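S.K.: Here it is: the structure, laid out below.
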Number of protein chains: 2
Amino acid sequence: MSGTLYGIGVGPGDPELITLKAHRILTAAKVIAYPAPDTGESFARSIVASYLRPDQTEFPIVIPMRSERFPAQSIYDRAAGEIARYLDDGTDVVVLCEGDPFFYGSFMYLFERLAGHFPVEVVPGISSVMAAGAAVGRPLAARNDLLSVIPGPMETAEMRRQLEAADAVAIIKVGRHFSRIRGLIDELGLTGASAYVERVTLGNERLLPLSEVKDETAPYFSLILIYKGQEGWVLDLPVGTSADDAAEKRAGTGS
Amino acid sequence: MSGTLYGIGVGPGDPELITLKAHRILTAAKVIAYPAPDTGESFARSIVASYLRPDQTEFPIVIPMRSERFPAQSIYDRAAGEIARYLDDGTDVVVLCEGDPFFYGSFMYLFERLAGHFPVEVVPGISSVMAAGAAVGRPLAARNDLLSVIPGPMETAEMRRQLEAADAVAIIKVGRHFSRIRGLIDELGLTGASAYVERVTLGNERLLPLSEVKDETAPYFSLILIYKGQEGWVLDLPVGTSADDAAEKRAGTGS
């Protein structure tokens, strides 16, 4: 009997935003793998650090941080080989995935190498897009809205077409594309409908109307939410820093 | 001090797919509200039924089941008024939301009526789209893919444009539009890339290649996942019924 490969979503950053199922599988695990930079802490591991125990075997998949975001396939070949040895021995392996495993996640690199050979179970997670909507305090989409998820590196002309076509948009992986994307949003007259969200649900979370962002670049874990559909939703976001501030502001204004 | 309105996502159906945070807020709640049909059980309540206690006050928001999906605003006016009385008295109210509260959820109707007047906290949930990707065993989107979420009632010409533009698509609220949508997907040559998912993570879940679906209509809680981006993902879905079957099939074929 071979072991099972679990890909579990650990959510956007708040340790409480993992599911009961992910928590159960995690705390029962003997071997836990996760992506890690060559220097510094693994973000996925940091989310669930308080649930880990010393008797669990940890297996960091070290991914050198270079400018490109899509690391060499050889890293995943090697990691898949090492995970396969555990699975062949009948030991389950739990892979921690930021957000949701199948929503733009690097888990796919292990999945495509191992799913044909071993039982795999994927446990969905809270994506940063859902968490950002909750933090900003504006619905993402409703009724018959078209909601598009657009990766920041998308070429400008194509992004313009998508911003024109959709009712609701989440632009993810904004990072170094921030300035270009903001220019496009401005040009389309959508700045007033746009919220900027950085490191959602983490201690250093930032929530701002896009018009209030002074920076010229953004971290990788940032996104922009735009709503231009039929609902009369107003972006009632303080020039503040946290979800708690936003909730207090909304309660206080009595608008 | 007024109470806080909590909108908590309870996920797609599996009681284990709620977050630790939603579980904590739910089990601490004195008053719990949820949408309910005029006859039969509330789906949102059924998901968390095993966590509820007799000492908690339940407040069903009864929504008559008619053919249209957008109930009369007067129902939400009245429900918001009743919830406001609890909040004015300093009592928190927890509203259960299927999936994620701000992802096409009816929580928006209460939110837009109460958020200007009371503190509101939204706890994101696992949407059926993420759960469907996990169940089918194929990533939703990767790298720089454009992912579009399309509501089934969308007019055919617009849906065609979106299916042509996107790399990855989730068509939600398929229901009585199933036959028309399948015709369009066929016409675009995308049937082989399409998975049909019904009642994801529930006991009567159905997962099928779209080509294997014999029905002419689908339940409201059904969706279609399409992938047509750059990744070489194959839809390796058995003509089976459950996520467990799918996982076993994938493991067994050794493809």
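Residues are referred to by chain and number: the chain letter is A, B, ... according to the order shown in the structure tokens, the number counts from 1 in that chain, and ligands are numbered separately from 1 in the order shown.
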Which neighbours of Ile32 in chain A fall inside 8 Å, counting only C-alpha atoms, when residues of the same chain fewer than 4 positions from it are skipped, and could you give them as a PyMOL selection string?
M.R.: chain A and resi 26+56-59+93-96
S.K.: Could you write out that same residue set with N, CA and C atoms as a PDB file, in the first residue's frame?
M.R.:
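Output file part-v1.pdb follows:
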ATOM      1  N   LEU A  26      -3.047  17.904   8.650  1.00  0.00           N
ATOM      2  CA  LEU A  26      -1.747  18.458   9.035  1.00  0.00           C
ATOM      3  C   LEU A  26      -1.267  17.910  10.375  1.00  0.00           C
ATOM      4  N   GLN A  56       7.278  15.666  13.862  1.00  0.00           N
ATOM      5  CA  GLN A  56       6.928  15.606  12.435  1.00  0.00           C
ATOM      6  C   GLN A  56       8.173  15.895  11.590  1.00  0.00           C
ATOM      7  N   THR A  57       8.321  15.127  10.519  1.00  0.00           N
ATOM      8  CA  THR A  57       9.465  15.330   9.626  1.00  0.00           C
ATOM      9  C   THR A  57       9.137  16.445   8.639  1.00  0.00           C
ATOM     10  N   GLU A  58       9.990  17.440   8.579  1.00  0.00           N
ATOM     11  CA  GLU A  58       9.755  18.545   7.645  1.00  0.00           C
ATOM     12  C   GLU A  58      10.683  18.424   6.448  1.00  0.00           C
ATOM     13  N   PHE A  59      10.154  18.755   5.309  1.00  0.00           N
ATOM     14  CA  PHE A  59      10.862  18.562   4.053  1.00  0.00           C
ATOM     15  C   PHE A  59      10.698  19.832   3.214  1.00  0.00           C
ATOM     16  N   VAL A  93       2.424  11.934   2.603  1.00  0.00           N
ATOM     17  CA  VAL A  93       3.159  13.203   2.593  1.00  0.00           C
ATOM     18  C   VAL A  93       2.155  14.342   2.410  1.00  0.00           C
ATOM     19  N   VAL A  94       2.244  15.330   3.295  1.00  0.00           N
ATOM     20  CA  VAL A  94       1.360  16.492   3.239  1.00  0.00           C
ATOM     21  C   VAL A  94       2.154  17.684   2.704  1.00  0.00           C
ATOM     22  N   VAL A  95       1.681  18.249   1.603  1.00  0.00           N
ATOM     23  CA  VAL A  95       2.341  19.430   1.032  1.00  0.00           C
ATOM     24  C   VAL A  95       1.514  20.668   1.383  1.00  0.00           C
ATOM     25  N   LEU A  96       2.180  21.634   1.997  1.00  0.00           N
ATOM     26  CA  LEU A  96       1.508  22.884   2.364  1.00  0.00           C
ATOM     27  C   LEU A  96       1.460  23.820   1.150  1.00  0.00           C
TER      28      LEU A  96
END
S.K.: What lies within 9 Å of Ile181 in chain B using only C-alpha atoms, ignoring chain neighbours under 3 positions off, as a list of chain:residue names?
M.R.: B:Gly152, B:Thr156, B:Met159, B:Ile171, B:Val174, B:His177, B:Phe178, B:Leu184, B:Ile185, B:Asp186
S.K.: Next, dump the selected residues to file, keeping only C-alpha atoms, as a PDB file, in the first residue's frame.
M.R.:
ATOM      1  CA  GLY B 152     -24.757  30.313 -16.332  1.00  0.00           C
ATOM      2  CA  THR B 156     -24.870  33.172 -25.289  1.00  0.00           C
ATOM      3  CA  MET B 159     -20.468  33.780 -23.006  1.00  0.00           C
ATOM      4  CA  ILE B 171     -19.264  28.351 -15.277  1.00  0.00           C
ATOM      5  CA  VAL B 174     -25.462  26.151 -14.546  1.00  0.00           C
ATOM      6  CA  HIS B 177     -29.040  26.677 -18.704  1.00  0.00           C
ATOM      7  CA  PHE B 178     -27.120  23.407 -18.966  1.00  0.00           C
ATOM      8  CA  LEU B 184     -21.894  26.367 -26.939  1.00  0.00           C
ATOM      9  CA  ILE B 185     -18.969  24.440 -25.423  1.00  0.00           C
ATOM     10  CA  ASP B 186     -19.399  21.755 -28.100  1.00  0.00           C
TER      11      ASP B 186
END
S.K.: Let's see if you can do this: from backbone DSSP, list all strand (DSSP E or B) residues in range 75-172 of chain A, as a ChimeraX atom specification.
M.R.: /A:93-97,99,103,120-123,141,147-151,168-172
S.K.: For the residues in that selection, give me C-alpha atoms as a short mmCIF file (atom, residue, chain, number, x, y, z; two decimals), in the first residue's frame.
M.R.:
data_model
loop_
_atom_site.label_atom_id
_atom_site.label_comp_id
_atom_site.auth_asym_id
_atom_site.auth_seq_id
_atom_site.Cartn_x
_atom_site.Cartn_y
_atom_site.Cartn_z
CA VAL A 93 3.16 13.20 2.59
CA VAL A 94 1.36 16.49 3.24
CA VAL A 95 2.34 19.43 1.03
CA LEU A 96 1.51 22.88 2.36
CA CYS A 97 0.12 25.25 -0.27
CA GLY A 99 -3.97 29.94 -0.50
CA PHE A 103 -5.53 28.37 -7.78
CA VAL A 120 -3.60 12.23 -4.29
CA GLU A 121 -6.04 14.26 -2.26
CA VAL A 122 -6.33 18.02 -2.65
CA VAL A 123 -7.89 20.02 0.18
CA ALA A 141 -19.25 39.66 -7.55
CA LEU A 147 -15.57 37.92 -12.56
CA SER A 148 -12.10 37.75 -14.11
CA VAL A 149 -8.89 36.85 -12.34
CA ILE A 150 -6.02 38.52 -14.17
CA PRO A 151 -2.35 37.85 -13.42
CA ALA A 168 -15.56 42.39 -11.48
CA VAL A 169 -11.82 41.90 -11.59
CA ALA A 170 -9.11 40.64 -9.28
CA ILE A 171 -5.62 41.43 -10.51
CA ILE A 172 -3.22 39.12 -8.72
#
S.K.: Give the residues of chain A that lie within 6 Å of chain B; count only C-alpha atoms, and format the answer as a compact mmCIF listing (two decimals) with C-alpha atoms, in the first residue's frame.
M.R.:
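And here's iface29.txt as it stands now:
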# COMPACT_ATOMS: atom_id res chain seq x y z
CA GLU A 16 -7.21 30.58 11.62
CA LEU A 17 -8.12 30.63 7.93
CA ILE A 18 -7.30 27.00 7.31
CA THR A 19 -10.10 24.47 7.20
CA LEU A 20 -10.86 21.91 9.87
CA LYS A 21 -9.97 19.26 7.29
CA PHE A 102 -5.05 24.61 -7.53
CA PHE A 103 -5.53 28.37 -7.78
CA TYR A 104 -2.26 29.53 -9.35
CA GLY A 116 -0.56 9.33 -12.10
CA HIS A 117 1.35 7.08 -9.74
CA PHE A 118 0.00 7.62 -6.22
CA PRO A 119 -3.31 8.47 -4.58
CA VAL A 120 -3.60 12.23 -4.29
CA VAL A 122 -6.33 18.02 -2.65
CA PRO A 124 -9.08 23.40 -1.08
CA ILE A 126 -9.07 30.17 1.12
CA MET A 130 -11.68 35.81 -1.27
CA ALA A 131 -9.77 37.05 1.76
CA ALA A 134 -13.68 40.14 2.99
CA PRO A 139 -18.52 41.89 -2.38
CA LEU A 140 -16.40 40.47 -5.18
CA ALA A 141 -19.25 39.66 -7.55
CA ALA A 142 -22.98 39.05 -7.51
CA ASN A 144 -24.80 37.49 -13.21
CA LEU A 146 -18.52 38.20 -14.95
CA LEU A 147 -15.57 37.92 -12.56
CA SER A 148 -12.10 37.75 -14.11
CA VAL A 149 -8.89 36.85 -12.34
CA ILE A 150 -6.02 38.52 -14.17
CA PRO A 151 -2.35 37.85 -13.42
CA ALA A 247 -14.66 47.59 9.99
CA ARG A 250 -17.64 51.50 8.29
CA ALA A 251 -19.43 51.18 11.60
CA GLY A 254 -23.20 55.60 9.70
CA SER A 255 -23.50 56.31 6.01
S.K.: Quick one, how far is CA of Lys214 in chain B from CA of Ser179 in chain B?
M.R.: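 CA of Ser179 in chain B lies 10.2 Å from CA of Lys214 in chain B.
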S.K.: May I have all residues of range 13-236 of chain A that DSSP, computed from the backbone, assigns to helix (DSSP H, G or I), given as a PyMOL selection string?
M.R.: chain A and resi 15-17+20-28+43-51+73-88+107-114+128-136+156-165+175-187+191-193+210-212
S.K.: Which of these residues is nearest to Gln73 in chain B, using only C-alpha atoms: B:Leu5, B:Gly40, B:Tyr109, B:Pro35?
M.R.: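 Using only C-alpha atoms, the shortest distance to Gln73 in chain B belongs to B:Tyr109.
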S.K.: Name the closest residue to Val31 in chain A among the candidates A:Gly13, A:Asp92, A:Pro60, A:Pro219; distances are taken between atoms, counting only C-alpha atoms.
M.R.: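 The shortest atom-to-atom distance to Val31 in chain A comes from A:Asp92.
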S.K.: Set the distance at 8 Å and use only C-alpha atoms: which residues neighbour Glu198 in chain B once local chain neighbours fewer than 5 positions away are removed? I'd like the list as a PyMOL selection string.
M.R.: chain B and resi 205-207+218-219+221-223
S.K.: Which value, in Å to one decimal, gives the distance between CA of Arg176 in chain B and CA of Leu225 in chain B?
M.R.: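 Separation of CA of Arg176 in chain B and CA of Leu225 in chain B: 16.9 Å.
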S.K.: Rounded to one decimal in Å, what is the spacing between CA of Thr91 in chain A and CA of Ala79 in chain A?
M.R.: 15.4 Å
